file model04.txt (compact mmCIF, C-alpha atoms)
# COMPACT_ATOMS: atom_id res chain seq x y z
CA MET A 1 0.00 0.00 0.00
CA PRO A 2 1.51 3.37 -0.97
CA PHE A 3 1.40 6.16 1.59
CA ALA A 4 1.28 9.90 0.87
CA ILE A 5 4.46 10.88 2.71
CA GLN A 6 5.28 14.57 3.05
CA HIS A 7 8.75 15.93 3.77
CA ASP A 8 8.62 18.97 6.05
CA ARG A 9 12.13 20.30 5.54
CA ALA A 10 11.75 23.11 8.08
CA ALA A 11 10.69 20.69 10.83
CA HIS A 12 13.16 17.96 9.71
CA ARG A 13 10.33 15.47 9.52
CA PHE A 14 8.67 13.00 7.17
CA GLU A 15 5.01 12.46 7.93
CA THR A 16 1.88 10.75 6.77
CA LYS A 17 -1.61 10.30 8.13
CA VAL A 18 -3.18 6.83 7.98
CA ASP A 19 -6.78 6.31 9.09
CA GLY A 20 -6.54 9.60 11.00
CA ALA A 21 -3.35 8.61 12.87
CA GLU A 22 -0.25 10.80 12.56
CA CYS A 23 2.91 8.83 11.68
CA GLU A 24 6.33 10.46 11.57
CA LEU A 25 10.06 10.16 11.16
CA ASP A 26 12.22 12.86 12.73
CA TYR A 27 15.81 13.65 11.85
CA THR A 28 18.56 16.15 12.43
CA LEU A 29 20.66 17.53 9.64
CA THR A 30 24.30 18.40 10.15
CA THR A 31 25.46 20.78 7.49
CA GLY A 32 28.89 22.25 7.04
CA LEU A 33 30.19 18.76 6.37
CA ALA A 34 30.85 17.36 2.95
CA PRO A 35 28.45 15.67 2.55
CA ALA A 36 25.75 16.78 5.01
CA VAL A 37 24.57 14.09 7.44
CA MET A 38 20.95 13.20 8.17
CA THR A 39 20.60 11.47 11.56
CA ILE A 40 17.29 9.63 11.89
CA THR A 41 16.34 10.10 15.54
CA HIS A 42 12.78 8.78 15.77
CA THR A 43 10.25 6.79 13.79
CA GLY A 44 6.75 6.73 15.23
CA VAL A 45 3.65 4.83 14.14
CA PRO A 46 0.70 4.55 16.54
CA PRO A 47 -0.25 0.96 17.46
CA GLU A 48 -3.71 1.29 15.91
CA VAL A 49 -2.16 1.54 12.42
CA GLY A 50 0.95 -0.55 13.04
CA GLY A 51 1.91 -3.58 11.00
CA ARG A 52 1.09 -2.00 7.63
CA GLY A 53 4.60 -1.08 6.53
CA ILE A 54 4.21 2.60 7.38
CA ALA A 55 7.46 2.88 9.34
CA SER A 56 9.31 1.14 6.52
CA ALA A 57 7.85 3.58 3.99
CA LEU A 58 8.88 6.55 6.14
CA VAL A 59 12.46 5.30 6.47
CA GLN A 60 12.67 4.53 2.77
CA ALA A 61 11.42 8.04 1.97
CA ALA A 62 14.13 9.50 4.22
CA PHE A 63 16.86 7.43 2.55
CA GLU A 64 15.56 8.37 -0.90
CA ALA A 65 15.61 12.05 0.04
CA ALA A 66 19.15 11.68 1.36
CA ARG A 67 20.22 10.04 -1.89
CA SER A 68 18.70 12.82 -3.99
CA GLU A 69 20.31 15.51 -1.81
CA GLY A 70 23.72 13.81 -1.68
CA TRP A 71 23.53 13.37 2.11
CA LYS A 72 24.88 10.55 4.25
CA VAL A 73 22.60 8.93 6.83
CA VAL A 74 23.04 7.81 10.44
CA PRO A 75 20.13 5.48 11.37
CA ALA A 76 20.22 6.33 15.10
CA CYS A 77 16.71 5.18 16.00
CA SER A 78 16.28 1.45 16.58
CA TYR A 79 13.74 0.99 13.80
CA ALA A 80 15.88 2.72 11.17
CA ALA A 81 18.91 0.70 12.28
CA ALA A 82 16.98 -2.55 11.89
CA TRP A 83 15.55 -1.37 8.55
CA ILE A 84 18.97 -0.72 7.02
CA GLY A 85 19.95 -4.26 8.01
CA ARG A 86 17.14 -5.54 5.78
CA HIS A 87 17.84 -3.14 2.89
CA PRO A 88 21.47 -3.46 1.80
CA GLU A 89 20.73 -1.42 -1.34
CA TYR A 90 20.81 1.70 0.87
CA ARG A 91 23.95 0.90 2.91
CA ASP A 92 26.11 3.05 0.66
CA LEU A 93 24.33 6.06 2.18
CA CYS A 94 25.29 5.23 5.77
CA ALA A 95 27.82 7.54 7.38

call {"tool": "encode", "arguments": {"input": "model04.txt", "output": "structure tokens"}}
result
Amino acid sequence: MPFAIQHDRAAHRFETKVDGAECELDYTLTTGLAPAVMTITHTGVPPEVGGRGIASALVQAAFEAARSEGWKVVPACSYAAAWIGRHPEYRDLCA
């Protein structure tokens, strides 16, 4: 199932709403480095909409954004760290 994920650059957040529930991925962005580094700090999906692949879609959206921006990624939250273990095609982005 595709999710309409929005990237709020000002808030450093990817978000989507599923069945009225807010789901999000938060990150920090360290600039001044070459390349910049996105650190994924939190992925949150409420239990009532869990198990649908929403967290995975949020993390994938973050990695895709990092790829398009030329950023490296630090998957600091436990979900993002586990996700990258299952998706070796994105490991080249890890800082």

call {"tool": "residues_around", "arguments": {"input": "model04.txt", "residues": "range 19-32 of chain A", "least_positions_apart": "4", "cutoff": "7 Å", "atoms": "all atoms listed in the file", "output": "list in words"}}
result
His12, Arg13, Phe14, Glu15, Ala36, Val37, Met38, Thr39, Ile40, Thr41, His42, Thr43, Gly44, Val45, Pro46 and Leu58 of chain A

call {"tool": "residues_around", "arguments": {"input": "model04.txt", "residues": "His87 in chain A", "least_positions_apart": "6", "cutoff": "12 Å", "atoms": "all atoms listed in the file", "output": "compact mmCIF listing (two decimals) with C-alpha atoms, in the frame of the given file"}}
result
# COMPACT_ATOMS: atom_id res chain seq x y z
CA SER A 56 9.31 1.14 6.52
CA VAL A 59 12.46 5.30 6.47
CA GLN A 60 12.67 4.53 2.77
CA PHE A 63 16.86 7.43 2.55
CA ALA A 80 15.88 2.72 11.17
CA ALA A 81 18.91 0.70 12.28
CA LEU A 93 24.33 6.06 2.18
CA CYS A 94 25.29 5.23 5.77

call {"tool": "residues_around", "arguments": {"input": "model04.txt", "residues": "Pro2 in chain A", "least_positions_apart": "3", "cutoff": "12 Å", "atoms": "only C-alpha atoms", "output": "list in words"}}
result
Ile5, Thr16, Lys17, Val18, Arg52, Gly53, Ile54, Ala55, Ser56, Ala57, Leu58, Gln60 and Ala61 of chain A

call {"tool": "atom_distance", "arguments": {"input": "model04.txt", "atom1": "CA of Ser78 in chain A", "atom2": "CA of Ala34 in chain A"}}
result
25.5 Å

call {"tool": "atom_distance", "arguments": {"input": "model04.txt", "atom1": "CA of Tyr79 in chain A", "atom2": "CA of Leu33 in chain A"}}
result
25.3 Å

call {"tool": "atom_distance", "arguments": {"input": "model04.txt", "atom1": "CA of Tyr90 in chain A", "atom2": "CA of Cys77 in chain A"}}
result
16.1 Å

call {"tool": "decode", "arguments": {"input": "model04.txt", "residues": "range 34-50 of chain A", "atoms": "N, CA and C atoms", "output": "PDB file, in the first residue's frame"}}
result
ATOM      1  N   ALA A  34      30.969  17.760   4.356  1.00  0.00           N
ATOM      2  CA  ALA A  34      30.848  17.361   2.949  1.00  0.00           C
ATOM      3  C   ALA A  34      30.905  15.845   2.890  1.00  0.00           C
ATOM      4  N   PRO A  35      29.805  15.159   2.723  1.00  0.00           N
ATOM      5  CA  PRO A  35      28.446  15.674   2.546  1.00  0.00           C
ATOM      6  C   PRO A  35      27.751  15.947   3.890  1.00  0.00           C
ATOM      7  N   ALA A  36      26.584  16.580   3.813  1.00  0.00           N
ATOM      8  CA  ALA A  36      25.755  16.778   5.005  1.00  0.00           C
ATOM      9  C   ALA A  36      25.310  15.414   5.529  1.00  0.00           C
ATOM     10  N   VAL A  37      24.964  15.360   6.816  1.00  0.00           N
ATOM     11  CA  VAL A  37      24.573  14.087   7.437  1.00  0.00           C
ATOM     12  C   VAL A  37      23.181  14.207   8.055  1.00  0.00           C
ATOM     13  N   MET A  38      22.285  13.324   7.602  1.00  0.00           N
ATOM     14  CA  MET A  38      20.948  13.196   8.175  1.00  0.00           C
ATOM     15  C   MET A  38      21.023  12.111   9.247  1.00  0.00           C
ATOM     16  N   THR A  39      20.662  12.452  10.477  1.00  0.00           N
ATOM     17  CA  THR A  39      20.604  11.472  11.558  1.00  0.00           C
ATOM     18  C   THR A  39      19.140  11.210  11.874  1.00  0.00           C
ATOM     19  N   ILE A  40      18.687   9.999  11.601  1.00  0.00           N
ATOM     20  CA  ILE A  40      17.292   9.629  11.892  1.00  0.00           C
ATOM     21  C   ILE A  40      17.195   9.351  13.388  1.00  0.00           C
ATOM     22  N   THR A  41      16.406  10.173  14.083  1.00  0.00           N
ATOM     23  CA  THR A  41      16.343  10.099  15.540  1.00  0.00           C
ATOM     24  C   THR A  41      15.098   9.411  16.076  1.00  0.00           C
ATOM     25  N   HIS A  42      14.041   9.336  15.260  1.00  0.00           N
ATOM     26  CA  HIS A  42      12.784   8.775  15.770  1.00  0.00           C
ATOM     27  C   HIS A  42      11.893   8.374  14.606  1.00  0.00           C
ATOM     28  N   THR A  43      11.288   7.218  14.720  1.00  0.00           N
ATOM     29  CA  THR A  43      10.253   6.787  13.793  1.00  0.00           C
ATOM     30  C   THR A  43       9.059   6.380  14.649  1.00  0.00           C
ATOM     31  N   GLY A  44       7.916   7.002  14.396  1.00  0.00           N
ATOM     32  CA  GLY A  44       6.746   6.728  15.229  1.00  0.00           C
ATOM     33  C   GLY A  44       5.504   6.403  14.430  1.00  0.00           C
ATOM     34  N   VAL A  45       4.916   5.253  14.749  1.00  0.00           N
ATOM     35  CA  VAL A  45       3.651   4.833  14.143  1.00  0.00           C
ATOM     36  C   VAL A  45       2.756   4.352  15.290  1.00  0.00           C
ATOM     37  N   PRO A  46       1.598   4.974  15.465  1.00  0.00           N
ATOM     38  CA  PRO A  46       0.705   4.552  16.544  1.00  0.00           C
ATOM     39  C   PRO A  46       0.281   3.083  16.390  1.00  0.00           C
ATOM     40  N   PRO A  47       0.106   2.382  17.507  1.00  0.00           N
ATOM     41  CA  PRO A  47      -0.253   0.962  17.462  1.00  0.00           C
ATOM     42  C   PRO A  47      -1.499   0.656  16.635  1.00  0.00           C
ATOM     43  N   GLU A  48      -2.460   1.570  16.627  1.00  0.00           N
ATOM     44  CA  GLU A  48      -3.709   1.289  15.908  1.00  0.00           C
ATOM     45  C   GLU A  48      -3.531   1.181  14.397  1.00  0.00           C
ATOM     46  N   VAL A  49      -2.415   1.680  13.861  1.00  0.00           N
ATOM     47  CA  VAL A  49      -2.158   1.544  12.418  1.00  0.00           C
ATOM     48  C   VAL A  49      -0.851   0.797  12.158  1.00  0.00           C
ATOM     49  N   GLY A  50      -0.302   0.195  13.187  1.00  0.00           N
ATOM     50  CA  GLY A  50       0.950  -0.547  13.045  1.00  0.00           C
ATOM     51  C   GLY A  50       0.788  -1.802  12.208  1.00  0.00           C
TER      52      GLY A  50
END
